[in-house]
Every structure is written in structure tokens, then in C-alpha cells.
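**Q** Handing you a structure now.
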Amino acid sequence: MSEPTETPTDATTEAILAGRTSLGIELGSTRIKACLVNADRPTEVLAVGSHEWENAFVDRRWTYSLEAVWSGLQAAYADLVADVQRRYGAVPETFGAVGVSAMMHGYLAFDAQGELLVPFRTWRNTSTGPAAAELSARFGLNIPLRWSIAHLHQAVLDEEPHVPQIAFLTTLAGYVHWRLTGRKVLGVGDASGMFPIDSAATDYDAALLDSYDELVAGTALPLRLRDLLPEVLPAGRAAGELTAEGAALLDPTGALRPGIPFCPPEGDAGTGMVATNSVAPRTGNVSAGTSIFAMVVLERPLAHAHHELDLVTTPAGDPVAMVHCNNGASELAAWAGLFGRFAEAAGQPAGSDAVFEVLFREALAGEPDAGGLLAYNTLAGEPIAGLDEGRPMVVRTPDSRLTLGNFMRAQLYGVYGTLALGMRVLGGEGVELDRMFAHGGIFRTAGVAQRFLAGALDAPVAVGETASEGGAWGIAVLASYLAEADLPLGDYLDRRVFAEAGFETVEPAAEDVAGFAAYLDRYRAGLAAEAAAVTAL
């Protein structure tokens with residue numbers, strides 16, 4: 001995260017102690033982040049905290065333990081408090097509002113006593129193919145493998161022993177919010193990754209709920225689907241208060257007081273839209289991290305269902321087309337780590353940011369089509385590419401040009417490969433964009449990843465000052481919005497948050513557009529080699 005922008009003053013310290021602040025917490029794939037902002041001026045970041053964590057591959061499923069969730073949350077919160085104390089000489093005991101965000105989708109199933117029935121199944125799991133296919137055909141909508149309903153239905157199809165005991169399903173953000181407030185609710189954006197949403201009603205699609213209940217009649221599923229799912233709330237709606245038990249969970253020191261209002265918990269896609277002010281029709285954003293996805297707010301419904309496109313919503317409930325790829329920048333980071341270790345072994349140690357800076361700048365010297373090299377970043381399966389599992393690969397022909405610049409350009413292009421495949425489908429639907437924003441750590445090195453993304457999408461790409469803040473800042477903004485929900489969310493962002501925000505926009509360069517198009521043609525053809533690697537290895 002970037003450094004806080006607020007200059008320490010007595011007024012700032014007093015505001016912190018008085019709770020005129022908003023706290024955002026986001027559980028990302030590799031980091032749990034906390035961000036404290038001035039509630040009246042959310043662009044002013046007062047303090048930050050973080051904790052690194054990692055998913056585990058257990059019994060062929062990607063998961064995080066609930067113990068890791070709480071130890072990580074406590075560590076990130078303690079890091080934030082330490083930052084506040086270091087900067088302002090104060091220990092916060094309350095906040096004006098709090099929001100929780102996390103990775104969307106997945107499967108957290110609980111019994112009537114609130115006990116987890118099976119280990120958390122994250123969005124990375126791709127074992128739900130039969131369920132997703134059956135539901136997509138029945139609903140006439142694309143139901144992706146990672147959606148919560150696909151995980152549930154696969155458990156029903158497989159007659160898993162825990163199914164008769166299910167009393168509640170939720171996402172990671174919904175689970176944390178529930179434990180902190182006692183409320184089983186979910187922001188509409190996050191809920192739209194559990195089950196299809198009727199945007200007009202800002203609720204689950206009633207006809208599809210009935211259709212699912214008919215489908216599973218006679219199975220071991222004990223309740224109607226609606227009774228298993230969290231209540232849906234749009235942005236700005238009160239979503240409960242911090243309980244005494246929740247305060248002790250988040251802050252075992254006992255300093256944090258209960259009674260703090262919470263905004264609806266949201267998914268990382270929704271907080272990414274907020275963080276880039278892309279909640280209005282004809283706007284979109286790309287979020288790059290462990291996964292990479294694009295969100296485009298629609299003017300009208302799509303003409304056809306496409307397996308490459310999800311239909312979700314903004315935090316206000318407006319329809320969004322989403323291109324979600326399971327694999328983002330993790331493989332790129334692994335290669336940067338390798339080059340960093342080489343520098344260290346050569347007696348020239350460099351920090352992570354410096355390593356990325358050198359490698360990204362070298363990519364600018366690569367050929368527009370990466371010199372014939374291909375890089376597949378598939379650590380996990382990739383439904384858009386038809387891959388149930390992943391095998392990271394670098395592939396080249398004998399006549400390709402193996403240089404560091406071409407290698408790094410291929411790696412950066414590889415981050416965008418499956419995203420570009422999905423965006424081509426969206427373009428075929430006639431969807432048009434006025435602006436595309438990008439955020440995530442990959443964009444911290446100015447002018448490189450942003451430029452290549454503009455070439456991949458053949459569209460202008462803007463990066464703002466909050467590009468590396470991401471979802472923790474976005475959910476802090478949504479927490480601040482609780483006090484001003486008389487304004488539509490888009491107006492609140494335009495007038496109160498982004499009125500004076502700076503964005504740097506990069507137009508697509510003709511040579512990058514042509515070079516990436518040539519790369520993508522080879523990338524598409526080479527997917528057969530990637531699939532063969534999955535079979536062989």
C-alpha cells in the first residue's frame with residue numbers, strides 16, 4: 001500500500017480518538033489489509049496495516065483455515081493500530097464506521113450451531129464443472145465454476161455427507177462480518193457471486209431460486225435455498241454493529257469498543273469498482289493480483305450467455321459483465337523473486353520494488369510481440385481457457401528471440417492473456433467503454449503494465465493515485481458512504497471522493513495493439529500445449 005497522505009496534527013489525533021474515521025479491511029489472496037481514512041475526506045489515508053498469508057492446497061482443494069483468517073485479521077489490525085500510534089501517538093478505541101471485504105465466491109457452509117461443515121473452498125477450485133454446466137443450462141445464464149451455488153450444487157450431486165446439515169452459506173467477507181456483528185448479510189455485489197441477482201429488486205432472482213428448489217427436490221438439501229443464503233443489502237444500508245464478542249475477536253487487547261456501525265460486506269470486485277470510480281454505465285476497471293478480472297458496467301442486457309462472462313452487480317446493484325481469470329500476477333512475482341535471488345547471489349541485493357522496476361523497464365525494450373515467446377501463468381485451472389488445472393509454462397520456437405526484454409514482456413502479456421480472450425467476447429456483444437481504470441500492485445511501476453494493458457484491450461487505461469491501495473481503501477470508502485447514503489453511490493464518489501483525484505491515462509500505442517494481437521493468436525493456439533502439459537504432468 002502507499003504511504004498515508006495525512007500530515008500528523010493535533011486535529012488529526014483528536015479525530016482519530018473521537019472516531020471520525022472509517023476503517024476498511026480486505027482479505028485478499030496473499031495479504032490481509034487494513035486502511036484507516038478520514039471519514040469526511042476518504043481520500044486522506046491516515047494509517048495502514050497488513051498481514052501476509054497464503055492459501056493451501058489440501059486434499060486437492062484450495063483453502064484457508066478459519067484459524068488463519070482470525071490470526072491474520074488480528075495481525076493486520078494490530079499493524080494498523082501500531083501505525084496509528086507511531087504517527088499520531090494515539091490508540092484508536094472506536095471508528096465512525098467499518099467495512100469488511102474479501103475474495104468473492106467460494107463455499108463456506110455452516111450447521112445450525114454455526115460450525116464449519118467442510119474446509120473453506122475458495123474461488124480457485126475448479127472441481128464444480130458438472131454442477132456449473134447443469135445450472136447454466138437450467139438458468140439460461142453462465143454460472144461459473146467458482147460461484148457459491150456451483151459449489152453447493154456439486155456437493156449435492158456428489159451426495160457429500162455434510163449436505164443434510166447445511167443451515168447457512170456465505171462468502172469469506174460475509175463470514176467475517178457475521179462473526180463481528182452477528183448479522184448474516186451480504187452486500188449485493190458479493191451476493192451476485194453466490195447466486196444470480198435481480199438488479200431491479202436488488203435481491204436474489206426469485207424465479208431462479210424457485211427453479212433451483214425444484215431441481216433439488218428430493219435430495220438431502222434440508223432447506224429452501226433462500227433460507228440458506230445471506231440477506232442482500234445495497235451499499236449505504238446499515239448492516240449491523242460491532243458486538244462485544246466481535247471487538248474481542250478483532251482486537252484481543254480489549255482497547256476496541258463495541259457499537260461501531262458496519263456497512264454491508266462486499267467482494268473484492270465491488271471494492272475495486274469503488275476504488276476506481278467505475279460504478280456508472282460505460283465505465284470499467286481491471287483488478288490485477290493473484291487473480292485478474294475486468295468489470296464493465298452495462299447499459300443494457302447482453303444478447304447471449306457466454307461462458308467467458310459472468311453477470312454480477314456493482315455495490316449499488318447495477319448489472320455488470322465480469323471477465324474473471326483465476327490466474328493473475330503470481331507467476332510473474334515468482335519470476336521476479338528468482339531474478340531477485342540472482343542479484344543477491346551475485347552480490348548486488350535489491351529490494352522487491354527495485355527488482356520489479358528493473359524487469360518492467362526491460363520489458364519496454366522487448367519486441368511488440370514478445371519476440372515469439374509465450375508465457376502461461378496458470379498456477380490454477382482457468383475456465384476461460386478450458387483448463388481444469390494449471391501448469392505454468394514458458395514456450396518458444398527455435399527462431400524466437402530469447403532476450404530478457406522479450407521474456408519479461410511475454411510474462412506481462414501472459415498476465416493479460418485469458419483476460420483478453422474474455423474481453424474479445426464482450427466486444428463482440430457491442431459493449432462500449434468510455435473509460436477503463438486499472439488498480440493493483442502490478443501498476444505501481446508507472447507506465448509499463450498500464451501501457452501493455454492498453455495495448456491488450458485497445459482502449460485507454462487510467463491509473464489513479466489509489467491504484468495500489470485497492471480494496472481495503474475501497475471498502476473504507478463504502479463505510480464512509482453510510483453517513484451520506486442519501487446520495488446515489490455514483491454521485492457520492494464523483495462529488496465527495498474523486499472530485500479532485502488525479503488519474504494518469506495511457507492511450508493504446510498502435511505497435512502494442514498489433515504486437516499483443518499477434519501474441520494472443522499464438523497464445524490461443526498454444527493452449528493445446530498447456531492442456532497437454534496438464535495431462536502429462
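Going through the C-alpha cells in order, the chains are called A, B, and so on, while each chain numbers its residues from 1 and the ligands are numbered from 1 in the order shown.
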Could you give me, as a list in words, each residue of range 417-466 of chain A that DSSP assigns to alpha helix (DSSP H) when run on this structure's backbone?
**A**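 Assigned to alpha helix (DSSP H), within range 417-466 of chain A: Gly417, Thr418, Leu419, Ala420, Leu421, Gly422, Met423, Arg424, Val425, Leu426, Gly427, Gly428, Ala449, Gln450, Arg451, Phe452, Leu453, Ala454, Gly455, Ala456 and Leu457 of chain A.
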**Q** With only C-alpha atoms as the counted atoms, please give the residues lying no more than 12 Å from Glu134 in chain A, apart from itself and same-chain residues fewer than 4 positions off, as an MDAnalysis selection string.
**A** chainID A and resid 128:130 138:145 149:150 153:154 157 212 215:216
**Q** Looking only at strand (DSSP E) from DSSP on the backbone, list the matching residues of range 314-528 of chain A as a PyMOL selection string.
**A** chain A and resi 319-325+374-376+393-395+435-439+461-464+503-506
**Q** Hey, which of A:Lys33, A:Ser192, A:Phe110, A:Phe120 ends up closest to Trp473 in chain A? Count only C-alpha atoms.
**A**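 The answer is A:Lys33, which sits nearest to Trp473 in chain A.
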**Q** Counting only C-alpha atoms, what is within 8 Å of Thr505 in chain A, bar same-chain residues fewer than 2 positions away, as a VMD selection string?
**A** chain A and resid 460 to 463 503 507
**Q** Between A:Ala280, A:Ala334, A:Pro488, A:Pro383, which residue has the minimum interatomic distance to Asn125 in chain A, considering only C-alpha atoms?
**A** A:Pro383
**Q** If you count only C-alpha atoms, which residues fall within 9 Å of Ala248 in chain A, apart from same-chain ones fewer than 5 positions away, as number ranges by chain?
**A** A: 180, 243, 253-258
**Q** May I have the residues within 12 Å of Arg224 in chain A as a PyMOL selection string, using only C-alpha atoms and disregarding those fewer than 2 positions away in the same chain?
**A** chain A and resi 166-169+206+209-222+226-229
**Q** Please save N, CA and C atoms of the selected residues as a short mmCIF file (atom, residue, chain, number, x, y, z; two decimals), in the first residue's frame.
**A**
```
data_model
loop_
_atom_site.label_atom_id
_atom_site.label_comp_id
_atom_site.auth_asym_id
_atom_site.auth_seq_id
_atom_site.Cartn_x
_atom_site.Cartn_y
_atom_site.Cartn_z
N ILE A 166 -26.50 -28.61 6.35
CA ILE A 166 -26.27 -27.21 5.99
C ILE A 166 -27.41 -26.33 6.49
N ALA A 167 -27.04 -25.26 7.23
CA ALA A 167 -28.02 -24.30 7.70
C ALA A 167 -27.74 -22.89 7.19
N PHE A 168 -26.51 -22.65 6.71
CA PHE A 168 -26.14 -21.30 6.27
C PHE A 168 -24.95 -21.37 5.34
N LEU A 169 -25.04 -20.60 4.25
CA LEU A 169 -23.93 -20.47 3.30
C LEU A 169 -23.54 -19.00 3.20
N ALA A 206 -35.79 -14.30 -7.82
CA ALA A 206 -36.79 -15.15 -7.18
C ALA A 206 -37.16 -16.34 -8.04
N LEU A 209 -34.40 -18.89 -7.84
CA LEU A 209 -34.42 -19.58 -6.54
C LEU A 209 -35.46 -20.70 -6.57
N ASP A 210 -36.66 -20.40 -7.09
CA ASP A 210 -37.70 -21.43 -7.17
C ASP A 210 -37.26 -22.56 -8.09
N SER A 211 -36.62 -22.20 -9.19
CA SER A 211 -36.16 -23.21 -10.13
C SER A 211 -35.14 -24.14 -9.47
N TYR A 212 -34.26 -23.58 -8.67
CA TYR A 212 -33.26 -24.43 -8.02
C TYR A 212 -33.92 -25.34 -6.99
N ASP A 213 -34.87 -24.80 -6.24
CA ASP A 213 -35.56 -25.64 -5.26
C ASP A 213 -36.26 -26.81 -5.94
N GLU A 214 -36.84 -26.56 -7.10
CA GLU A 214 -37.47 -27.66 -7.86
C GLU A 214 -36.44 -28.68 -8.31
N LEU A 215 -35.26 -28.19 -8.73
CA LEU A 215 -34.22 -29.08 -9.21
C LEU A 215 -33.75 -30.05 -8.14
N VAL A 216 -33.62 -29.56 -6.90
CA VAL A 216 -33.03 -30.39 -5.84
C VAL A 216 -34.10 -31.01 -4.93
N ALA A 217 -35.36 -30.88 -5.31
CA ALA A 217 -36.42 -31.52 -4.52
C ALA A 217 -36.14 -33.02 -4.43
N GLY A 218 -36.23 -33.54 -3.23
CA GLY A 218 -35.97 -34.96 -3.02
C GLY A 218 -34.53 -35.29 -2.70
N THR A 219 -33.64 -34.31 -2.74
CA THR A 219 -32.24 -34.53 -2.35
C THR A 219 -32.10 -34.29 -0.85
N ALA A 220 -30.86 -34.40 -0.37
CA ALA A 220 -30.60 -34.26 1.06
C ALA A 220 -30.53 -32.81 1.52
N LEU A 221 -30.64 -31.85 0.59
CA LEU A 221 -30.56 -30.44 0.98
C LEU A 221 -31.73 -30.13 1.90
N PRO A 222 -31.48 -29.64 3.14
CA PRO A 222 -32.55 -29.60 4.14
C PRO A 222 -33.50 -28.42 4.05
N ARG A 226 -33.24 -19.97 -0.45
CA ARG A 226 -33.31 -18.63 0.13
C ARG A 226 -33.01 -18.66 1.63
N ASP A 227 -33.41 -19.71 2.30
CA ASP A 227 -33.20 -19.80 3.74
C ASP A 227 -31.74 -20.10 4.09
N LEU A 228 -30.96 -20.51 3.11
CA LEU A 228 -29.55 -20.81 3.36
C LEU A 228 -28.64 -19.61 3.09
N LEU A 229 -29.13 -18.66 2.30
CA LEU A 229 -28.28 -17.57 1.82
C LEU A 229 -28.37 -16.34 2.71
#
```
**Q** List the neighbours of Val297 in chain A out to 12 Å using only C-alpha atoms; skip same-chain residues closer than 6 positions along the sequence, and give me the result as an MDAnalysis selection string.
**A** chainID A and resid 269:270 273 277:285 310:323 426 431:436 490
